[in-house]
file my_file_28.txt (compact mmCIF, C-alpha atoms)
# COMPACT_ATOMS: atom_id res chain seq x y z
CA MET A 1 104.22 117.46 38.49
CA SER A 2 103.34 114.71 40.91
CA ASP A 3 102.09 111.29 39.95
CA ASP A 4 101.64 110.27 43.57
CA PRO A 5 97.92 109.63 44.08
CA THR A 6 98.21 110.59 47.72
CA THR A 7 99.24 114.13 46.89
CA GLU A 8 95.64 115.24 46.48
CA LEU A 9 94.85 113.85 49.92
CA LEU A 10 97.19 116.41 51.47
CA LEU A 11 95.31 119.29 49.91
CA ALA A 12 93.14 120.16 52.92
CA ALA A 13 96.15 120.24 55.21
CA TYR A 14 97.83 122.51 52.69
CA ALA A 15 94.70 124.66 52.53
CA ASP A 16 94.71 124.97 56.30
CA ASP A 17 98.40 125.77 56.55
CA PRO A 18 100.99 124.98 53.89
CA HIS A 19 103.62 124.77 56.59
CA SER A 20 101.79 121.94 58.29
CA LEU A 21 103.24 119.78 55.51
CA ARG A 22 106.81 118.65 55.24
CA PRO A 23 108.81 120.47 52.55
CA ASP A 24 108.69 117.50 50.20
CA GLU A 25 104.93 117.15 50.68
CA ARG A 26 104.44 120.84 50.12
CA ALA A 27 106.46 120.69 46.91
CA ARG A 28 104.37 117.76 45.66
CA VAL A 29 101.11 119.59 46.39
CA GLU A 30 102.30 122.75 44.71
CA ALA A 31 103.34 120.76 41.67
CA TRP A 32 99.93 119.12 41.65
CA LEU A 33 98.20 122.51 41.92
CA ALA A 34 100.31 123.89 39.11
CA GLU A 35 99.01 121.14 36.92
CA THR A 36 95.38 120.91 37.93
CA GLY A 37 94.58 124.44 39.01
CA ASP A 38 93.54 125.67 42.43
CA ALA A 39 89.74 125.55 42.23
CA GLU A 40 89.51 122.68 44.72
CA LEU A 41 92.06 124.30 46.95
CA THR A 42 89.92 127.44 47.07
CA GLU A 43 86.85 125.43 48.09
CA LEU A 44 88.70 123.52 50.76
CA ARG A 45 90.26 126.68 52.10
CA ALA A 46 86.82 128.29 52.39
CA THR A 47 85.45 125.29 54.28
CA VAL A 48 88.37 125.18 56.67
CA ALA A 49 88.01 128.90 57.28
CA GLU A 50 84.31 128.43 57.95
CA VAL A 51 85.03 125.72 60.51
CA ARG A 52 87.65 127.88 62.10
CA GLY A 53 85.10 130.66 62.22
CA LEU A 54 82.87 128.58 64.42
CA ASP A 55 83.12 129.36 68.04
CA GLY A 56 84.52 125.95 68.72
CA ARG A 57 85.26 126.91 72.26
CA GLY A 58 81.75 127.87 73.17
CA PRO A 59 80.86 129.54 76.43
CA ALA A 60 83.56 129.84 79.06
CA PRO A 61 83.10 128.64 82.60
CA ASP A 62 84.27 130.44 85.72
CA TRP A 63 87.96 129.72 85.33
CA PRO A 64 89.11 130.72 88.82
CA GLN A 65 86.41 128.53 90.31
CA LEU A 66 87.36 125.58 88.13
CA GLU A 67 91.00 126.16 88.95
CA ALA A 68 90.22 126.17 92.67
CA GLN A 69 88.27 122.92 92.31
CA ILE A 70 91.18 121.31 90.51
CA PHE A 71 93.68 122.47 93.12
CA ALA A 72 91.46 121.19 95.91
CA ALA A 73 90.94 117.84 94.19
CA THR A 74 94.63 117.32 93.53
CA THR A 75 95.48 118.31 97.08
CA ARG A 76 93.16 115.61 98.38
CA ALA A 77 94.37 113.02 95.89
CA PRO A 78 97.52 111.21 96.99
CA ARG A 79 100.24 111.12 94.42
CA ALA A 80 100.91 107.65 93.18
CA ARG A 81 104.30 106.27 94.01
CA TRP A 82 103.81 103.17 91.94
CA PRO A 83 107.21 103.19 90.25
CA TRP A 84 108.82 102.93 93.67
CA LEU A 85 106.27 100.42 94.86
CA VAL A 86 106.82 98.30 91.78
CA ALA A 87 110.58 98.51 92.16
CA GLY A 88 110.35 97.62 95.83
CA GLY A 89 108.00 94.74 95.14
CA LEU A 90 110.28 93.37 92.45
CA ALA A 91 113.27 93.61 94.78
CA LEU A 92 111.42 91.75 97.50
CA ALA A 93 110.26 89.09 95.05
CA ALA A 94 113.78 88.67 93.72
CA ALA A 95 115.14 88.37 97.24
CA ALA A 96 112.52 85.74 98.06
CA VAL A 97 113.38 83.74 94.94
CA VAL A 98 117.09 83.91 95.70
CA ALA A 99 116.47 82.82 99.25
CA LEU A 100 114.42 79.84 98.07
CA VAL A 101 116.97 78.77 95.47
CA VAL A 102 120.09 79.21 97.54
CA ARG A 103 118.68 77.89 100.77
CA PRO A 104 115.98 75.21 100.61
CA PRO A 105 113.80 74.81 103.65
CA ALA A 106 115.89 73.14 106.32
CA SER A 107 114.37 70.77 108.81
CA ASP A 108 115.79 69.14 111.86
CA ALA A 109 115.61 65.81 110.09
CA LEU A 110 117.71 67.07 107.21
CA LEU A 111 120.26 68.61 109.50
CA THR A 112 120.44 65.38 111.43
CA THR A 113 121.19 63.39 108.31
CA TRP A 114 124.09 65.72 107.57
CA GLN A 115 125.85 64.75 110.70
CA ALA A 116 126.62 61.17 109.76
CA PRO A 117 128.21 61.83 106.35
CA ALA A 118 130.26 64.55 107.98
CA VAL A 119 131.78 61.85 110.15
CA ILE A 120 133.16 60.05 107.15
CA ASP A 121 134.41 63.23 105.54
CA ALA A 122 136.04 64.47 108.67
CA ALA A 123 137.66 61.17 109.43
CA PRO A 124 141.43 60.86 109.00
CA VAL A 125 141.15 58.69 105.92
CA ASP A 126 144.88 58.27 105.53
CA ASP A 127 145.08 56.76 108.92
CA GLU A 128 142.02 54.56 108.63
CA PRO A 129 141.87 52.56 105.39
CA VAL A 130 138.93 50.66 106.81
CA LEU A 131 136.64 53.45 105.87
CA ASP A 132 137.99 53.57 102.31
CA ASP A 133 136.46 50.18 101.75
CA ALA A 134 133.00 51.26 102.72
CA PRO A 135 130.79 50.86 99.64
CA ASP A 136 128.72 53.91 100.45
CA GLU A 137 131.64 56.20 100.96
CA VAL A 138 131.65 57.80 97.50
CA ALA A 139 127.97 58.39 97.59
CA LEU A 140 128.23 59.77 101.04
CA ASP A 141 130.94 62.15 100.01
CA ASP A 142 128.80 63.33 97.11
CA ASP A 143 125.94 63.89 99.43
CA LEU A 144 128.14 65.69 101.81
CA ALA A 145 129.41 67.99 99.12
CA LEU A 146 125.85 68.88 98.20
CA ASP A 147 124.91 69.35 101.79
CA ASP A 148 127.89 71.55 102.40
CA ASP A 149 126.76 73.80 99.59
CA LEU A 150 123.29 73.97 100.98
CA ALA A 151 124.58 74.73 104.45
CA LEU A 152 126.55 77.78 103.39
CA ASP A 153 123.96 80.10 104.79
CA ASP A 154 124.05 78.37 108.12
CA ASP A 155 126.23 79.35 110.95
CA ASP A 156 129.64 77.71 110.73
CA SER A 157 129.20 76.49 114.26
CA ASP A 158 126.64 74.00 112.92
CA LEU A 159 129.41 72.16 111.12
CA ASP A 160 131.98 72.77 113.75
CA GLY A 161 129.66 71.24 116.27
CA LEU A 162 129.84 67.93 114.41
CA GLY A 163 133.40 67.43 115.50
CA PRO A 164 132.78 65.54 118.75
CA VAL A 165 130.12 63.41 117.13
CA ASP A 166 132.44 62.56 114.27
CA ASP A 167 135.15 61.38 116.57
CA GLU A 168 132.81 59.39 118.73
CA LEU A 169 131.23 57.52 115.85
CA PHE A 170 134.53 56.98 114.12
CA ASP A 171 136.11 55.58 117.25
CA ALA A 172 133.14 53.32 117.86
CA VAL A 173 133.23 51.83 114.36
CA VAL A 174 136.97 51.28 114.54
CA ALA A 175 136.71 49.71 117.94
CA LEU A 176 134.01 47.31 116.79
CA ASP A 177 136.13 46.24 113.86
CA ASP A 178 139.25 45.95 115.93
CA ASP A 179 138.16 44.06 118.95
CA GLY A 180 134.92 42.45 117.91
CA GLY A 181 132.94 44.83 119.99
CA ASP A 182 133.81 43.91 123.46
CA SER A 183 132.85 47.12 124.99
CA ASP A 184 129.42 48.75 125.11
CA ASP A 185 131.16 52.05 125.38
CA ASP A 186 132.28 51.77 121.78
CA LEU A 187 128.82 52.30 120.33
CA PRO A 188 128.13 55.61 118.71
CA GLY A 189 126.40 58.30 120.61
CA SER A 190 122.71 58.85 120.34
CA GLY A 191 121.40 61.38 117.89
CA THR A 192 123.17 59.96 114.87
CA THR A 193 120.77 58.57 112.32
CA TRP A 194 123.26 57.44 109.70
CA THR A 195 123.21 53.65 109.96
CA GLY A 196 125.36 52.62 107.04
CA TRP A 197 128.09 51.42 109.39
CA LEU A 198 125.70 48.74 110.70
CA ASP A 199 126.10 46.91 107.39
CA ASP A 200 129.68 46.14 108.32
CA LEU A 201 128.82 44.61 111.67
CA SER A 202 128.59 40.92 112.27
CA ASP A 203 125.50 39.32 113.76
CA ALA A 204 127.24 39.04 117.10
CA GLU A 205 128.17 42.66 117.04
CA LEU A 206 124.62 43.61 116.17
CA ASP A 207 123.33 41.52 119.03
CA ARG A 208 125.69 43.29 121.35
CA ALA A 209 124.60 46.61 120.02
CA LEU A 210 120.94 45.78 120.57
CA ALA A 211 121.70 44.62 124.02
CA TRP A 212 123.50 47.86 124.70
CA LEU A 213 120.54 49.83 123.42
CA ASP A 214 118.21 47.87 125.65
CA SER A 215 120.40 48.54 128.61
CA GLN A 216 120.43 52.23 127.77
CA GLU A 217 116.64 52.32 127.57
CA GLN A 218 116.31 50.52 130.87
CA GLY A 219 118.95 52.71 132.48
CA MET B 1 87.87 141.84 85.69
CA GLU B 2 89.15 142.95 82.33
CA LEU B 3 92.66 142.81 83.62
CA SER B 4 92.34 139.26 84.91
CA LEU B 5 90.71 138.21 81.66
CA ALA B 6 93.57 139.70 79.69
CA VAL B 7 96.06 137.92 81.86
CA ALA B 8 94.16 134.69 81.47
CA TRP B 9 94.20 134.89 77.70
CA THR B 10 97.87 135.75 77.76
CA ASP B 11 98.53 132.65 79.80
CA GLU B 12 96.51 130.56 77.43
CA ALA B 13 98.26 131.91 74.39
CA SER B 14 101.58 131.06 75.97
CA VAL B 15 100.71 127.39 75.79
CA THR B 16 101.20 127.40 72.07
CA ASP B 17 103.83 130.09 71.85
CA ALA B 18 106.15 129.08 74.67
CA PRO B 19 108.73 126.38 74.15
CA VAL B 20 107.42 122.92 74.80
CA ASP B 21 110.29 122.53 77.24
CA LEU B 22 108.45 124.74 79.68
CA ASP B 23 105.82 122.05 80.15
CA ALA B 24 108.48 119.40 80.51
CA SER B 25 110.29 121.55 83.02
CA LEU B 26 107.13 122.08 85.02
CA VAL B 27 106.43 118.37 85.04
CA ALA B 28 109.97 117.65 86.19
CA ARG B 29 109.58 120.10 89.03
CA ALA B 30 106.18 118.72 89.93
CA GLN B 31 107.65 115.22 89.97
CA ARG B 32 110.07 116.43 92.60
CA GLY B 33 107.13 117.59 94.69
CA ASP B 34 106.96 121.23 93.60
CA ARG B 35 103.29 121.94 94.04
CA THR B 36 103.44 125.36 92.40
CA ALA B 37 104.80 123.81 89.22
CA PHE B 38 101.78 121.56 88.97
CA GLU B 39 99.49 124.51 89.55
CA GLN B 40 101.18 126.29 86.68
CA LEU B 41 100.47 123.28 84.49
CA VAL B 42 96.83 123.49 85.49
CA ARG B 43 96.66 127.16 84.63
CA ARG B 44 98.30 126.59 81.27
CA HIS B 45 96.09 123.75 80.16
CA GLN B 46 92.78 123.87 81.97
CA ARG B 47 91.04 125.95 79.32
CA ALA B 48 92.10 123.74 76.47
CA LEU B 49 91.07 120.64 78.38
CA TRP B 50 87.74 122.11 79.33
CA HIS B 51 86.89 123.04 75.74
CA LEU B 52 88.03 119.65 74.54
CA ALA B 53 85.84 117.95 77.12
CA ARG B 54 82.98 120.29 76.35
CA ARG B 55 83.00 119.24 72.72
CA TYR B 56 82.68 115.62 73.73
CA THR B 57 80.27 115.91 76.61
CA ARG B 58 78.30 118.90 75.34
CA SER B 59 77.72 119.82 78.92
CA ASP B 60 79.47 122.57 80.88
CA ALA B 61 79.19 120.67 84.13
CA ASP B 62 80.48 117.43 82.66
CA ALA B 63 83.31 119.28 80.97
CA ALA B 64 84.31 120.76 84.32
CA ASP B 65 84.16 117.31 85.92
CA VAL B 66 86.26 115.79 83.17
CA THR B 67 88.80 118.61 83.38
CA GLN B 68 89.10 118.21 87.13
CA GLN B 69 89.40 114.44 86.90
CA ALA B 70 91.97 114.74 84.14
CA PHE B 71 94.23 116.85 86.31
CA VAL B 72 93.73 114.56 89.27
CA ARG B 73 94.72 111.58 87.13
CA ALA B 74 97.68 113.47 85.76
CA TYR B 75 98.75 114.44 89.27
CA GLN B 76 98.53 110.86 90.43
CA ALA B 77 100.43 109.63 87.39
CA LEU B 78 103.12 112.29 87.48
CA ALA B 79 105.76 109.87 88.68
CA GLY B 80 105.18 107.66 85.66
CA PHE B 81 105.38 110.39 83.04
CA ARG B 82 108.55 109.85 81.03
CA GLY B 83 108.16 112.58 78.44
CA GLU B 84 107.70 110.21 75.52
CA ALA B 85 104.78 112.36 74.41
CA SER B 86 104.38 116.09 74.94
CA VAL B 87 102.75 117.11 78.18
CA ARG B 88 99.88 118.59 76.23
CA SER B 89 99.32 115.34 74.31
CA TRP B 90 99.49 113.42 77.57
CA LEU B 91 96.88 115.65 79.21
CA TYR B 92 94.67 115.58 76.13
CA ARG B 93 94.76 111.82 76.00
CA ILE B 94 93.72 111.57 79.63
CA ALA B 95 90.94 114.08 79.07
CA ILE B 96 89.68 112.40 75.90
CA ASN B 97 89.46 109.03 77.63
CA LEU B 98 87.62 110.54 80.56
CA ALA B 99 85.31 112.48 78.27
CA LEU B 100 84.48 109.35 76.29
CA ASN B 101 83.74 107.54 79.54
CA SER B 102 81.55 110.40 80.63
CA VAL B 103 79.63 110.35 77.36
CA ARG B 104 79.23 106.61 77.59
CA ASP B 105 77.98 106.79 81.17
CA ARG B 106 75.63 109.62 80.37
CA GLY B 107 74.41 107.68 77.39
CA ARG B 108 73.50 104.80 79.66
CA GLU B 109 71.86 106.94 82.27
CA GLN B 110 70.26 109.84 80.50
CA PRO B 111 70.54 109.54 76.76
CA SER B 112 68.02 112.27 76.13
CA GLU B 113 70.03 114.86 78.02
CA ILE B 114 72.90 115.02 75.60
CA ALA B 115 72.15 118.15 73.70
CA ASP B 116 73.15 118.63 70.12
CA ASP B 117 75.10 121.78 69.51
CA ALA B 118 73.03 122.36 66.43
CA LEU B 119 69.95 122.60 68.63
CA THR B 120 71.47 124.89 71.21
CA VAL B 121 72.27 127.85 69.07
CA ALA B 122 71.41 130.92 71.06
CA ALA B 123 68.54 133.06 69.95
CA VAL B 124 69.85 136.04 68.04
CA GLY B 125 68.58 139.03 66.23
CA ALA B 126 67.29 138.83 62.69
CA SER B 127 70.60 139.98 61.24
CA GLY B 128 72.40 136.97 62.70
CA LEU B 129 69.81 134.36 61.83
CA GLU B 130 71.26 133.33 58.52
CA ARG B 131 74.79 133.20 59.90
CA ASP B 132 73.72 131.10 62.83
CA ARG B 133 71.66 128.82 60.66
CA ARG B 134 74.78 128.22 58.65
CA ALA B 135 76.84 127.68 61.82
CA ALA B 136 74.26 125.24 63.12
CA ALA B 137 74.38 123.34 59.86
CA LEU B 138 78.15 123.22 60.04
CA ARG B 139 78.08 121.92 63.61
CA THR B 140 75.60 119.29 62.58
CA ALA B 141 77.85 118.32 59.72
CA ILE B 142 80.84 118.06 62.02
CA ALA B 143 78.86 115.96 64.46
CA ALA B 144 77.95 113.65 61.58
CA LEU B 145 81.56 113.01 60.61
CA PRO B 146 83.04 109.56 61.23
CA PRO B 147 84.56 109.59 64.73
CA LYS B 148 88.17 109.57 63.61
CA GLN B 149 87.68 112.36 61.09
CA LYS B 150 85.79 114.38 63.66
CA LEU B 151 88.53 113.91 66.23
CA VAL B 152 91.26 114.89 63.79
CA LEU B 153 89.36 117.93 62.53
CA GLU B 154 88.52 119.23 65.98
CA LEU B 155 91.98 118.69 67.41
CA ARG B 156 93.49 120.41 64.43
CA VAL B 157 91.07 123.33 64.10
CA PHE B 158 89.78 124.00 67.60
CA ASP B 159 92.76 122.89 69.63
CA GLU B 160 95.30 124.05 67.09
CA LEU B 161 97.46 120.98 67.47
CA SER B 162 100.10 120.05 64.99
CA PHE B 163 99.40 117.03 62.83
CA ARG B 164 102.04 115.20 64.78
CA GLU B 165 100.18 115.82 68.03
CA VAL B 166 96.87 115.00 66.37
CA ALA B 167 98.32 111.73 65.14
CA ALA B 168 99.53 110.83 68.61
CA LEU B 169 96.11 111.42 70.08
CA ALA B 170 94.25 109.71 67.26
CA ASP B 171 96.54 106.68 67.32
CA CYS B 172 97.58 107.01 63.72
CA THR B 173 100.50 108.17 61.65
CA GLU B 174 101.03 111.81 60.89
CA ASN B 175 100.25 111.17 57.23
CA ALA B 176 97.05 109.36 58.15
CA ALA B 177 96.05 112.36 60.25
CA LYS B 178 96.58 114.67 57.28
CA VAL B 179 94.56 112.40 55.04
CA SER B 180 91.77 112.10 57.63
CA PHE B 181 91.70 115.86 57.85
CA HIS B 182 91.35 116.05 54.09
CA PHE B 183 88.45 113.61 54.04
CA ALA B 184 86.79 115.44 56.90
CA VAL B 185 86.93 118.79 55.13
CA LYS B 186 85.75 117.29 51.85
CA ARG B 187 82.87 115.61 53.63
CA LEU B 188 81.87 118.82 55.36
CA ARG B 189 81.93 120.55 52.03
CA ALA B 190 79.62 117.93 50.60
CA LEU B 191 77.30 117.97 53.63
CA LEU B 192 77.03 121.73 53.55
CA GLY B 193 76.45 121.64 49.85
CA SER B 194 73.57 119.24 50.32
CA THR B 195 72.15 121.46 53.05
CA GLU B 196 72.24 124.47 50.79
CA THR B 197 70.62 122.69 47.89
CA GLY B 198 68.46 120.32 49.92
CA ASP B 199 69.97 117.55 47.88
CA ASP B 200 70.90 114.61 50.05
CA GLU B 201 72.44 112.89 47.05
CA ALA B 202 75.37 115.21 47.38
CA LEU B 203 76.45 113.38 50.53
CA PRO B 204 79.50 111.20 50.00
call {"tool": "encode", "arguments": {"input": "my_file_28.txt", "output": "structure tokens"}}
result
Amino acid sequence: MSDDPTTELLLAAYADDPHSLRPDERARVEAWLAETGDAELTELRATVAEVRGLDGRGPAPDWPQLEAQIFAATTRAPRARWPWLVAGGLALAAAAVVALVVRPPASDALLTTWQAPAVIDAAPVDDEPVLDDAPDEVALDDDLALDDDLALDDDDSDLDGLGPVDDELFDAVVALDDDGGDSDDDLPGSGTTWTGWLDDLSDAELDRALAWLDSQEQG
Amino acid sequence: MELSLAVAWTDEASVTDAPVDLDASLVARAQRGDRTAFEQLVRRHQRALWHLARRYTRSDADAADVTQQAFVRAYQALAGFRGEASVRSWLYRIAINLALNSVRDRGREQPSEIADDALTVAAVGASGLERDRRAAALRTAIAALPPKQKLVLELRVFDELSFREVAALADCTENAAKVSFHFAVKRLRALLGSTETGDDEALP
């Protein structure tokens, strides 16, 4: 006997085909039938049989013709390759994101600003304690470290090319400090935009520097 | 002609008798570009899809259109088929959606052209009149079923799908499909009873 109220609701499926039910469902229905009788089952079975007796399929079309139409239509229709397109699109998008994150847009101005900090970093600090006193040195080194990371994608020759500039600027600063700036030749080369070293110059040295610049412009 | 018909019915019968793996195997081959495998799929399922579409559209021409479109869609979506449902369920779902769209579009354009099966019973001799009157009443009763019950009943009876497949197509659980089937049959019984007695009160 089954007390499950849903058992009765499986009766039509049982009437259609007892094996359409799971074994436990079938057992419940059969227990229910044993208790209540099979009058309803007989009625349901007759109705299902009547529906099955309908020509549910109706008239048939010309199958070969329909088949030919389908073949022609599928021949014309291009097969979708969307899984590959999606995968390719995702790969491209990922590559673009990685490129943006790892390498921010570089401009000439940014590259130019890298050159001056590189001078300090490349300088022989042990030999030149003057530079250790520079108040901006720590910050410059931090900046340089960041810039070095950002420049990883660049050609190494970009950094290597800073060598001559480093030496020139370093020598100029040392010379100004050492001899009070007697020589115009001690000024850093053009193209360097880092101007922190100017803070350490005296007024006289600045005047001399300006004069040198004027002479360069006129020359 | 008789020979080709016999072969055709043999092919159709094989859809239900052959292992489901045959469909999966054909799809796998078609996914690799084997055109003949896809054509075999068409041959195996076109009849079932046409009859399914015919029941929805009630038009031979629309059923043929839906069947053709269904295979075109399936062909285009082959690469995305992962075998989570049976091939037959997949094709049926495509066809049902297309058939519903067709009915909707026809309803907008030419609502009066959708014929009721109950009104299209062929003229027959006097001996078949009573039987066909009864069949017409039954078709009318089926047409009057709530959509879900009608879908479940037709998929189960006319397409001979398992309740599991019916459930997949009707977006319900297998148990819900069995229960819907029960309500559908009970309702038909009541509708037919009211037709016989002329008593509309018998309707649930």
call {"tool": "interface_residues", "arguments": {"input": "my_file_28.txt", "of": "chain B", "to": "chain A", "cutoff": "6 Å", "atoms": "all atoms listed in the file", "output": "MDAnalysis selection string"}}
result
chainID B and resid 51 68 72 76 158 178:179 182
call {"tool": "atom_distance", "arguments": {"input": "my_file_28.txt", "atom1": "CA of Phe81 in chain B", "atom2": "CA of Leu41 in chain B"}}
result
13.9 Å
call {"tool": "atom_distance", "arguments": {"input": "my_file_28.txt", "atom1": "CA of Arg187 in chain B", "atom2": "CA of Ala141 in chain B"}}
result
8.3 Å
call {"tool": "atom_distance", "arguments": {"input": "my_file_28.txt", "atom1": "CA of Leu52 in chain B", "atom2": "CA of Ser162 in chain B"}}
result
15.4 Å
call {"tool": "axis_aligned_box", "arguments": {"input": "my_file_28.txt", "around": "range 69-73 of chain A", "padding_each_side": "8 Å", "output": "JSON"}}
result
{"center_x": 91.0, "center_y": 120.4, "center_z": 93.2, "size_x": 21.4, "size_y": 21.1, "size_z": 21.4}
call {"tool": "residues_around", "arguments": {"input": "my_file_28.txt", "residues": "Leu155 in chain B", "least_positions_apart": "2", "cutoff": "10 Å", "atoms": "only C-alpha atoms", "output": "list of chain:residue names"}}
result
B:Leu52, B:Tyr92, B:Gln149, B:Lys150, B:Leu151, B:Val152, B:Leu153, B:Val157, B:Phe158, B:Asp159, B:Glu160, B:Leu161, B:Ser162, B:Phe163, B:Glu165, B:Val166, B:Ala167, B:Leu169, B:Ala170, B:Phe181
